[in-house]
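Next comes coords.txt, a file with compact mmCIF, C-alpha atoms and all ligand atoms.
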```txt
# COMPACT_ATOMS: atom_id res chain seq x y z
CA MET K 1 0.00 0.00 0.00
CA ASN K 2 1.64 3.22 -1.08
CA ASP K 3 -0.87 5.36 0.82
CA TYR K 4 1.15 7.59 3.14
CA SER K 5 -1.79 7.96 5.53
CA PHE K 6 -0.72 4.64 7.10
CA TYR K 7 2.49 6.30 8.33
CA LEU K 8 0.62 9.40 9.45
CA ARG K 9 -1.76 7.27 11.57
CA LEU K 10 1.24 5.39 12.96
CA ILE K 11 2.50 8.74 14.29
CA HIS K 12 -0.87 10.34 15.05
CA ILE K 13 -2.41 7.62 17.20
CA PRO K 14 0.49 6.77 19.60
CA PHE K 15 1.28 10.46 20.25
CA GLY K 16 -2.45 11.20 20.60
CA VAL K 17 -2.89 8.38 23.10
CA PHE K 18 0.12 9.57 25.12
CA TRP K 19 -1.12 13.18 25.11
CA ALA K 20 -4.76 12.48 25.95
CA GLY K 21 -3.91 9.80 28.53
CA GLY K 22 -1.23 11.98 30.13
CA ALA K 23 -3.54 14.99 30.29
CA MET K 24 -6.35 12.96 31.88
CA ILE K 25 -4.08 11.32 34.47
CA LEU K 26 -2.67 14.77 35.27
CA ALA K 27 -6.05 16.47 35.67
CA TRP K 28 -7.97 13.67 37.36
CA TYR K 29 -5.34 11.90 39.50
CA ILE K 30 -2.04 13.75 39.87
CA ILE K 31 -3.48 17.21 40.51
CA PRO K 32 -6.01 16.02 43.13
CA ALA K 33 -3.16 14.06 44.79
CA VAL K 34 -0.99 17.21 44.81
CA LYS K 35 -3.89 19.19 46.29
CA ASN K 36 -4.41 16.60 49.03
CA SER K 37 -0.74 16.48 49.94
CA GLY K 38 -0.79 19.72 51.93
CA PRO K 39 2.66 21.21 52.39
CA ASP K 40 4.25 18.45 50.28
CA GLY K 41 2.03 19.44 47.34
CA PRO K 42 4.21 22.17 45.81
CA ARG K 43 7.31 19.95 46.01
CA MET K 44 5.42 17.13 44.27
CA MET K 45 4.23 19.53 41.58
CA ALA K 46 7.77 20.86 41.11
CA ALA K 47 9.08 17.30 40.75
CA ILE K 48 6.46 16.54 38.10
CA THR K 49 6.72 19.75 36.10
CA GLY K 50 10.42 20.43 36.61
CA THR K 51 12.84 17.58 36.62
CA ASN K 52 11.19 14.95 34.47
CA LYS K 53 10.09 17.33 31.69
CA PHE K 54 6.54 15.99 31.72
CA PRO K 55 4.98 19.25 30.41
CA VAL K 56 7.54 19.51 27.61
CA VAL K 57 7.00 15.95 26.44
CA LEU K 58 3.24 16.42 26.63
CA THR K 59 3.40 19.66 24.61
CA ILE K 60 5.55 18.06 21.91
CA SER K 61 3.21 15.04 21.69
CA ALA K 62 0.18 17.34 21.51
CA THR K 63 1.70 19.40 18.70
CA ILE K 64 2.66 16.31 16.69
CA THR K 65 -0.84 14.81 17.16
CA VAL K 66 -2.62 17.99 16.05
CA VAL K 67 -0.36 18.80 13.09
CA VAL K 68 -0.45 15.22 11.78
CA GLY K 69 -4.22 15.12 12.44
CA TRP K 70 -4.80 18.11 10.15
CA ILE K 71 -2.51 16.56 7.52
CA LEU K 72 -4.74 13.44 7.73
CA ILE K 73 -7.81 15.64 7.18
CA TYR K 74 -6.06 17.19 4.16
CA HIS K 75 -5.19 13.70 2.91
CA ASN K 76 -8.83 12.58 3.13
CA ILE K 77 -9.98 15.66 1.22
CA GLU K 78 -7.35 14.90 -1.41
CA VAL K 79 -8.53 11.30 -1.77
CA PHE K 80 -12.32 11.70 -1.40
CA GLY K 81 -12.83 15.30 -2.50
CA LYS K 82 -14.08 18.36 -0.60
CA SER K 83 -17.49 16.79 0.05
CA TRP K 84 -15.78 14.31 2.44
CA MET K 85 -15.70 17.10 5.04
CA GLY K 86 -19.51 17.09 5.06
CA SER K 87 -19.76 13.30 5.48
CA PRO K 88 -20.49 11.90 8.98
CA MET K 89 -16.86 10.68 9.21
CA GLY K 90 -15.51 14.04 8.06
CA ILE K 91 -17.70 15.94 10.51
CA SER K 92 -16.78 13.64 13.40
CA LEU K 93 -13.03 13.86 12.74
CA SER K 94 -12.96 17.59 12.07
CA THR K 95 -15.06 18.36 15.17
CA GLY K 96 -12.68 16.19 17.19
CA GLY K 97 -9.81 17.95 15.46
CA VAL K 98 -11.11 21.39 16.41
CA LEU K 99 -11.65 20.37 20.07
CA GLY K 100 -8.18 18.80 20.21
CA THR K 101 -6.68 21.91 18.64
CA ILE K 102 -8.43 24.10 21.24
CA ALA K 103 -6.99 21.83 23.96
CA LEU K 104 -3.49 22.35 22.52
CA LEU K 105 -3.99 26.12 22.32
CA ILE K 106 -5.14 26.28 25.96
CA GLY K 107 -2.05 24.27 26.87
CA LEU K 108 0.22 26.66 24.97
CA THR K 109 -1.41 29.95 26.01
CA VAL K 110 -2.54 29.18 29.58
CA SER K 111 -0.83 26.10 31.07
CA LYS K 112 2.66 26.59 29.65
CA PRO K 113 3.15 30.24 30.73
CA THR K 114 1.62 29.44 34.12
CA VAL K 115 4.06 26.55 34.70
CA THR K 116 6.92 28.88 33.71
CA LYS K 117 5.74 31.55 36.18
CA ILE K 118 5.38 29.00 38.99
CA GLN K 119 8.88 27.69 38.29
CA LYS K 120 10.34 31.23 38.32
CA ILE K 121 8.66 32.23 41.59
CA SER K 122 9.55 28.89 43.22
CA ALA K 123 13.18 29.32 42.15
CA MET K 124 13.20 32.87 43.56
CA ILE K 125 11.82 31.61 46.87
CA ALA K 126 14.30 28.72 46.96
CA GLU K 127 17.18 31.19 46.41
CA THR K 128 16.26 33.26 49.45
CA GLY K 129 16.30 30.11 51.58
CA ASN K 130 13.21 31.35 53.43
CA PRO K 131 9.73 29.86 53.27
CA PRO K 132 7.37 31.77 50.92
CA ASN K 133 5.84 34.91 52.40
CA ASP K 134 2.09 35.54 52.39
CA GLU K 135 2.12 37.46 49.13
CA GLN K 136 4.17 34.77 47.39
CA LYS K 137 1.85 32.09 48.77
CA LEU K 138 -1.16 33.98 47.42
CA ILE K 139 0.37 34.40 43.95
CA LEU K 140 1.48 30.75 43.83
CA GLY K 141 -1.97 29.61 44.94
CA ARG K 142 -3.65 31.64 42.20
CA LEU K 143 -1.27 30.38 39.52
CA GLN K 144 -1.72 26.79 40.66
CA ASN K 145 -5.47 27.17 40.58
CA ARG K 146 -5.31 28.51 37.03
CA LEU K 147 -3.18 25.52 36.05
CA PHE K 148 -5.62 23.07 37.66
CA VAL K 149 -8.69 24.62 36.00
CA ALA K 150 -6.97 24.63 32.59
CA ALA K 151 -5.87 21.00 33.08
CA ARG K 152 -9.46 19.88 33.82
CA PHE K 153 -10.77 21.76 30.81
CA ILE K 154 -8.11 20.24 28.54
CA ALA K 155 -8.83 16.72 29.85
CA ILE K 156 -12.57 17.07 29.12
CA LEU K 157 -11.89 18.43 25.62
CA LEU K 158 -9.54 15.53 24.93
CA ALA K 159 -11.99 12.96 26.26
CA VAL K 160 -14.56 14.23 23.74
CA THR K 161 -11.90 14.36 20.98
CA VAL K 162 -10.92 10.74 21.59
CA ILE K 163 -14.57 9.61 21.53
CA LEU K 164 -15.10 11.45 18.23
CA MET K 165 -11.97 9.79 16.78
CA ALA K 166 -13.25 6.40 17.98
CA VAL K 167 -16.72 6.67 16.44
CA ALA K 168 -15.75 8.53 13.23
CA ARG K 169 -15.39 5.46 11.00
CA ASN K 170 -18.88 4.26 11.88
CA ALA K 171 -20.50 7.68 12.26
CA HIS K 172 -22.74 7.09 9.22
CA MET K 173 -24.48 4.24 11.05
CA THR K 174 -26.03 6.72 13.46
CA HIS K 175 -27.72 8.63 10.63
C1 LIG X 201 -6.50 13.99 21.31
C2 LIG X 201 -5.85 13.02 20.86
C3 LIG X 201 -6.23 12.18 19.67
C4 LIG X 201 -6.31 10.84 19.66
C5 LIG X 201 -6.06 9.90 20.82
C6 LIG X 201 -6.67 10.44 18.32
C7 LIG X 201 -6.85 9.14 17.93
C8 LIG X 201 -7.20 8.75 16.67
C9 LIG X 201 -7.49 7.40 16.27
C10 LIG X 201 -7.45 6.19 17.20
C11 LIG X 201 -7.79 7.40 14.97
C12 LIG X 201 -8.15 6.20 14.10
C13 LIG X 201 -9.64 6.19 13.84
C14 LIG X 201 -10.01 5.15 12.81
O1 LIG X 201 -9.16 4.79 11.98
O2 LIG X 201 -11.16 4.70 12.83
C15 LIG X 201 -7.69 8.77 14.52
C16 LIG X 201 -7.92 9.17 13.24
C17 LIG X 201 -7.88 10.47 12.80
N1 LIG X 201 -7.60 11.59 13.58
FE1 LIG X 201 -7.21 11.60 15.53
N2 LIG X 201 -6.80 11.57 17.53
C18 LIG X 201 -6.56 12.66 18.32
C19 LIG X 201 -6.59 13.98 17.93
C20 LIG X 201 -6.80 14.43 16.64
C21 LIG X 201 -6.73 15.80 16.22
C22 LIG X 201 -6.44 16.99 17.11
C23 LIG X 201 -6.97 15.82 14.86
C24 LIG X 201 -6.95 17.07 14.03
C25 LIG X 201 -7.58 17.22 12.97
C26 LIG X 201 -7.22 14.46 14.43
C27 LIG X 201 -7.51 14.00 13.15
C28 LIG X 201 -7.69 12.69 12.75
C29 LIG X 201 -8.03 12.26 11.40
C30 LIG X 201 -8.22 13.14 10.20
C31 LIG X 201 -8.14 10.87 11.43
C32 LIG X 201 -8.52 9.94 10.25
C33 LIG X 201 -7.32 9.27 9.68
C34 LIG X 201 -7.70 8.43 8.50
O3 LIG X 201 -7.83 9.00 7.42
O4 LIG X 201 -7.86 7.22 8.66
N3 LIG X 201 -7.09 13.65 15.55
N4 LIG X 201 -7.33 9.57 15.56
```
With the file now loaded, output its structure as C-alpha cells.
Ligand code: HEM
Amino acid sequence: MNDYSFYLRLIHIPFGVFWAGGAMILAWYIIPAVKNSGPDGPRMMAAITGTNKFPVVLTISATITVVVGWILIYHNIEVFGKSWMGSPMGISLSTGGVLGTIALLIGLTVSKPTVTKIQKISAMIAETGNPPNDEQKLILGRLQNRLFVAARFIAILLAVTVILMAVARNAHMTH
C-alpha cells in the first residue's frame, strides 16, 4: 500500500494516546493528589513539572498529534474530495480535530506560561532560603489554581476528541 496515511496514523495515534492519557491522568489523578498532599504538594508539583520534563514531552506530543491530524484531514480531502468534510466521518473527525486543537492552544497559552511563572517564583523563593511569604503564597496559589482549572478543561476536551476519533469510521451508522 503506497498510501502515506498509514504512516501518518502510525505517528498520530500513539502520540495522541500519550497526550490524551497523560492529560487525563494529570487532571484527574495527579493534581487532586498534589492538592491533598498539603505542604508536600508544591514539592510534588515541582518534581512533576520540573525535573522529568513531563509538560515539555506532553506539549511536543500534543503538537505532533494535532499537526499530523490536520494533515490526515487534508489527505482525506485529497482522496475523497471536498465533500468528504460534510460526510459523517468528516464531521466527526474535524469536530474532534477542532476540540483537540483548542486543547493544545489552551495548553500553549494558559498552562505553559503558568508553569513557567510558577517555576520562576519557586526558584526565587528557593534562592532566598526562606519559606514563601504571604504574598508569594497567594500568587502561587492563584497560579496553581489557574493551572488546575486549565488541566481539567483540557482533559474534558480531549476525552470528547478521543470519543469522536473512535466513532468517526462508523459515524454514518447513526444517521
Ligand atoms: C487527542 C488526541 C487524539 C487521539 C487519541 C486520536 C486518535 C485517533 C485514532 C485512534 C484514529 C483512528 C480512527 C479510525 O481509523 O477509525 C484517529 C484518526 C484520525 N484523527 Fe485523531 N486523535 C486525536 C486527535 C486528533 C486531532 C487533534 C486531529 C486534528 C484534525 C485528528 C484528526 C484525525 C483524522 C483526520 C483521522 C482519520 C485518519 C484516517 O484517514 O484514517 N485527531 N485519531
Distance in Å - atom C27 of ligand LIG 201 (chain X) versus CA of Trp84 in chain K: 13.5 Å
Who sits within 12 Å of range 41-43 of chain K, only C-alpha atoms, same chain under 4 positions skipped, as number ranges by chain: K: 30-37, 47-51, 115, 118-119, 121-123, 126, 132, 137, 140-141, 143-144
Option closest in space to ligand LIG 201 (chain X), from K:Met44, K:Ile77, K:Val162, K:Ala150 [counting all atoms listed in the file]: K:Val162
Sorted per-residue table, chain K near ligand LIG 201 (chain X), closest atoms and distance, 7 Å, only C-alpha atoms and all ligand atoms, as a tab-separated table:
```
residue	atom	partner	partner_atom	distance
K:Ser5	CA	X:LIG201	O3	6.4
K:Arg9	CA	X:LIG201	C33	6.2
K:His12	CA	X:LIG201	FE1	6.5
K:Ile13	CA	X:LIG201	C7	4.7
K:Gly16	CA	X:LIG201	C5	3.8
K:Val17	CA	X:LIG201	C5	4.2
K:Trp19	CA	X:LIG201	C2	6.4
K:Ala20	CA	X:LIG201	C1	5.2
K:Thr65	CA	X:LIG201	C19	5.9
K:Val66	CA	X:LIG201	C22	4.1
K:Val67	CA	X:LIG201	C24	6.9
K:Gly69	CA	X:LIG201	C27	3.5
K:Trp70	CA	X:LIG201	C25	4.1
K:Leu72	CA	X:LIG201	C30	4.3
K:Ile73	CA	X:LIG201	C30	3.9
K:Asn76	CA	X:LIG201	O3	5.7
K:Leu93	CA	X:LIG201	C29	5.4
K:Ser94	CA	X:LIG201	C25	5.5
K:Gly96	CA	X:LIG201	C21	6.0
K:Gly97	CA	X:LIG201	C24	3.3
K:Val98	CA	X:LIG201	C24	6.5
K:Leu99	CA	X:LIG201	C22	6.9
K:Gly100	CA	X:LIG201	C22	4.0
K:Thr101	CA	X:LIG201	C22	5.2
K:Leu158	CA	X:LIG201	C1	5.0
K:Thr161	CA	X:LIG201	C1	5.4
K:Val162	CA	X:LIG201	C5	5.0
K:Met165	CA	X:LIG201	N4	4.8
K:Ala166	CA	X:LIG201	C13	5.5
K:Val167	CA	X:LIG201	O2	6.9
K:Ala168	CA	X:LIG201	O2	6.0
K:Arg169	CA	X:LIG201	O2	4.7
```
Put those residues in a file: C-alpha atoms, as a tab-separated table (two decimals), keeping the file's coordinate frame.
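Done, and the output landed in result_30.tsv:
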```
chain	number	residue	atom	x	y	z
K	5	SER	CA	-1.79	7.96	5.53
K	9	ARG	CA	-1.76	7.27	11.57
K	12	HIS	CA	-0.87	10.34	15.05
K	13	ILE	CA	-2.41	7.62	17.20
K	16	GLY	CA	-2.45	11.20	20.60
K	17	VAL	CA	-2.89	8.38	23.10
K	19	TRP	CA	-1.12	13.18	25.11
K	20	ALA	CA	-4.76	12.48	25.95
K	65	THR	CA	-0.84	14.81	17.16
K	66	VAL	CA	-2.62	17.99	16.05
K	67	VAL	CA	-0.36	18.80	13.09
K	69	GLY	CA	-4.22	15.12	12.44
K	70	TRP	CA	-4.80	18.11	10.15
K	72	LEU	CA	-4.74	13.44	7.73
K	73	ILE	CA	-7.81	15.64	7.18
K	76	ASN	CA	-8.83	12.58	3.13
K	93	LEU	CA	-13.03	13.86	12.74
K	94	SER	CA	-12.96	17.59	12.07
K	96	GLY	CA	-12.68	16.19	17.19
K	97	GLY	CA	-9.81	17.95	15.46
K	98	VAL	CA	-11.11	21.39	16.41
K	99	LEU	CA	-11.65	20.37	20.07
K	100	GLY	CA	-8.18	18.80	20.21
K	101	THR	CA	-6.68	21.91	18.64
K	158	LEU	CA	-9.54	15.53	24.93
K	161	THR	CA	-11.90	14.36	20.98
K	162	VAL	CA	-10.92	10.74	21.59
K	165	MET	CA	-11.97	9.79	16.78
K	166	ALA	CA	-13.25	6.40	17.98
K	167	VAL	CA	-16.72	6.67	16.44
K	168	ALA	CA	-15.75	8.53	13.23
K	169	ARG	CA	-15.39	5.46	11.00
```
Atom-to-atom span, CA of Ala27 in chain K and CA of Ala155 in chain K, Å: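 Distance between the two atoms: 6.5 Å.
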Pick from K:Met45, K:Met173, K:Ile125, K:Ile106 nearest to Thr59 in chain K, counting all atoms listed in the file: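 Among the listed residues, the smallest separation from Thr59 in chain K belongs to K:Ile106.
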Taking every listed atom of range 106-118 of chain K and adding 5 Å to each side, what centre and edge lengths in Å (one decimal) does the axis-aligned box have, as AutoDock Vina command-line options?
```
--center_x 0.9 --center_y 27.9 --center_z 32.0 --size_x 22.1 --size_y 17.3 --size_z 24.0
```
Residue contacts of His172 in chain K (10 Å, all atoms listed in the file) excluding same-chain residues fewer than 5 positions away, as a PyMOL selection string: chain K and resi 87-89+92+167
CA of Arg146 in chain K to CA of Ser111 in chain K, distance in Å rounded to a single decimal: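 Computing it gives 7.8 Å between the two atoms.
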Test item: residues at most 7 Å from range 103-105 of chain K, only C-alpha atoms, excluding those fewer than 5 positions along its chain, as JSON, numbers by chain: {"K": [62, 154, 157, 158]}
Proximity to Ile91 in chain K - best of K:Pro14, K:Leu164, K:Tyr7, K:Asn145, all atoms listed in the file: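 For Ile91 in chain K, the nearest of the given residues is K:Leu164.
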